[in-house]
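Below: the structure, in structure tokens.
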Amino acid sequence: MYVGLFWGVISLCLLIFAWRLAIRNDVRRHRFIMIFLTAGAWIFIASYLLRYYLPGYTALEVPRHLVPWLAFHGSMGLVPLFGATTLVWARLRADATSHLNRRHRLYGRVLVAIWCFTHIGGVLNFFLFK
């Protein structure tokens, strides 16, 4: 549980830092951080889902009134994950004429807002279930 909190806080800070780098047009460092965050997000989601299959793991009891919030949070968490993966993939292909690369900044602005919301929600979840 603390690993999730640690990842949420660190990645939120890195996400804001990457956003600032993009504003300053520091493409090299922005690219590195976004690749790291996207790979880290996939590892986090995979480890989160796989832990339910580990022997001896006891599932967390979720109060009924929090189920809609957790469903919303989880669903919204997938939007920036797939979006960032798509944008990173498009950038690494280096086809500057593709639609995703021409609209990279627009999509990035939308995804960074959703991704920040997801990380803040993850930190909130830590305190809800602590």
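We label chains A, B, ... in the order they appear in the structure tokens, count residues from 1 in each chain, and number ligands from 1 in the order shown.
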Give me, as a tab-separated table, the closest atom pair and its distance (Å, one decimal) for every residue of region 33-77 of chain A within a cut-off of 10 Å of region 97-119 of chain A, counting only C-alpha atoms, rows sorted by chain and rising number.
residue	atom	partner	partner_atom	distance
A:Phe72	CA	A:Thr118	CA	9.7
A:His73	CA	A:Thr118	CA	6.5
A:Gly74	CA	A:Thr118	CA	8.2
A:Ser75	CA	A:Thr118	CA	9.5
A:Met76	CA	A:Thr118	CA	6.7
A:Gly77	CA	A:Thr118	CA	5.5
query = Among region 53-102 of chain A, which residues carry a DSSP assignment of helix (DSSP H, G or I), reported as an MDAnalysis selection string?
reply = chainID A and resid 53 64:93 99:102
Output C-alpha atoms for every residue in the selection just made, as a JSON list (two decimals), in the first residue's frame.
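again.json written:
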[["chain", "number", "residue", "atom", "x", "y", "z"],
["A", 53, "TYR", "CA", -3.46, -13.77, -7.75],
["A", 64, "ARG", "CA", -20.36, -0.13, -0.68],
["A", 65, "HIS", "CA", -20.46, 3.66, -0.76],
["A", 66, "LEU", "CA", -16.87, 3.78, -2.12],
["A", 67, "VAL", "CA", -17.43, 1.33, -4.99],
["A", 68, "PRO", "CA", -18.59, 4.02, -7.48],
["A", 69, "TRP", "CA", -15.59, 6.20, -6.63],
["A", 70, "LEU", "CA", -13.14, 3.32, -7.08],
["A", 71, "ALA", "CA", -14.77, 2.33, -10.38],
["A", 72, "PHE", "CA", -14.56, 5.93, -11.61],
["A", 73, "HIS", "CA", -10.98, 6.33, -10.41],
["A", 74, "GLY", "CA", -9.88, 3.07, -12.02],
["A", 75, "SER", "CA", -11.61, 3.85, -15.29],
["A", 76, "MET", "CA", -10.18, 7.35, -15.45],
["A", 77, "GLY", "CA", -6.75, 5.95, -14.63],
["A", 78, "LEU", "CA", -6.79, 3.92, -17.82],
["A", 79, "VAL", "CA", -7.45, 6.98, -20.01],
["A", 80, "PRO", "CA", -4.05, 8.65, -19.47],
["A", 81, "LEU", "CA", -2.33, 5.26, -19.42],
["A", 82, "PHE", "CA", -3.52, 4.36, -22.91],
["A", 83, "GLY", "CA", -3.29, 7.98, -24.07],
["A", 84, "ALA", "CA", 0.29, 8.45, -22.89],
["A", 85, "THR", "CA", 1.26, 5.10, -24.36],
["A", 86, "THR", "CA", -0.19, 6.14, -27.71],
["A", 87, "LEU", "CA", 1.55, 9.54, -27.64],
["A", 88, "VAL", "CA", 4.92, 8.04, -26.64],
["A", 89, "TRP", "CA", 4.58, 5.40, -29.35],
["A", 90, "ALA", "CA", 3.73, 8.06, -31.95],
["A", 91, "ARG", "CA", 6.73, 10.18, -30.93],
["A", 92, "LEU", "CA", 9.11, 7.23, -31.00],
["A", 93, "ARG", "CA", 7.96, 6.35, -34.51],
["A", 99, "HIS", "CA", -2.08, 13.23, -36.67],
["A", 100, "LEU", "CA", -0.92, 12.31, -33.14],
["A", 101, "ASN", "CA", 2.36, 14.15, -33.55],
["A", 102, "ARG", "CA", 0.73, 17.24, -35.04]]
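From CA of Leu37 (chain A) back to CA of Ala59 (chain A), the distance works out to 27.0 Å.
The closest residue to Ser11 (chain A), picked from A:Pro63, A:Ile120, A:Phe127, A:Gly56 and counting only C-alpha atoms, is A:Ile120.
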inquiry  = I need the residue nearest Thr38 (chain A) from this list: A:Val9, A:Leu60, A:Leu50, A:Leu15. Use only C-alpha atoms for the distance.
reply    = A:Leu15
ask   = In Å, how far is it from CA of Phe126 (chain A) to CA of Leu5 (chain A)?
value = 6.5 Å
request  = Enter the distance from CA of Pro55 (chain A) to CA of Ile10 (chain A), in Å, rounded to one decimal.
outcome  = 29.0 Å
Would you mind listing what lies within 12 Å of Ile33 (chain A) as a PDB file with C-alpha atoms, in the first residue's frame, with only C-alpha atoms counted and same-chain residues fewer than 4 positions away left out?
ATOM      1  CA  ILE A  10       6.762  10.658  -7.080  1.00  0.00           C
ATOM      2  CA  SER A  11       5.048  10.245 -10.438  1.00  0.00           C
ATOM      3  CA  LEU A  12       2.803  13.258  -9.824  1.00  0.00           C
ATOM      4  CA  CYS A  13       5.888  15.385  -9.146  1.00  0.00           C
ATOM      5  CA  LEU A  14       7.635  13.975 -12.227  1.00  0.00           C
ATOM      6  CA  LEU A  15       4.537  14.575 -14.329  1.00  0.00           C
ATOM      7  CA  ILE A  16       4.406  18.233 -13.306  1.00  0.00           C
ATOM      8  CA  PHE A  17       8.164  18.522 -13.900  1.00  0.00           C
ATOM      9  CA  ALA A  18       7.782  16.966 -17.375  1.00  0.00           C
ATOM     10  CA  TRP A  19       5.007  19.437 -18.123  1.00  0.00           C
ATOM     11  CA  ARG A  20       7.286  22.326 -17.161  1.00  0.00           C
ATOM     12  CA  LEU A  21      10.036  20.877 -19.359  1.00  0.00           C
ATOM     13  CA  ALA A  22       7.623  20.736 -22.291  1.00  0.00           C
ATOM     14  CA  ASP A  26      13.369  20.825 -23.270  1.00  0.00           C
ATOM     15  CA  VAL A  27      12.310  17.935 -25.486  1.00  0.00           C
ATOM     16  CA  ARG A  28      15.074  15.488 -24.549  1.00  0.00           C
ATOM     17  CA  ARG A  29      14.395  15.471 -20.799  1.00  0.00           C
ATOM     18  CA  LEU A  37       6.337   7.502 -16.344  1.00  0.00           C
ATOM     19  CA  THR A  38       4.475   5.522 -18.993  1.00  0.00           C
ATOM     20  CA  ALA A  39       6.549   2.383 -18.398  1.00  0.00           C
ATOM     21  CA  GLY A  40       6.217   2.859 -14.637  1.00  0.00           C
ATOM     22  CA  ALA A  41       2.448   3.230 -14.934  1.00  0.00           C
ATOM     23  CA  ALA A  84       0.288   8.450 -22.892  1.00  0.00           C
ATOM     24  CA  VAL A  88       4.919   8.038 -26.637  1.00  0.00           C
TER      25      VAL A  88
END
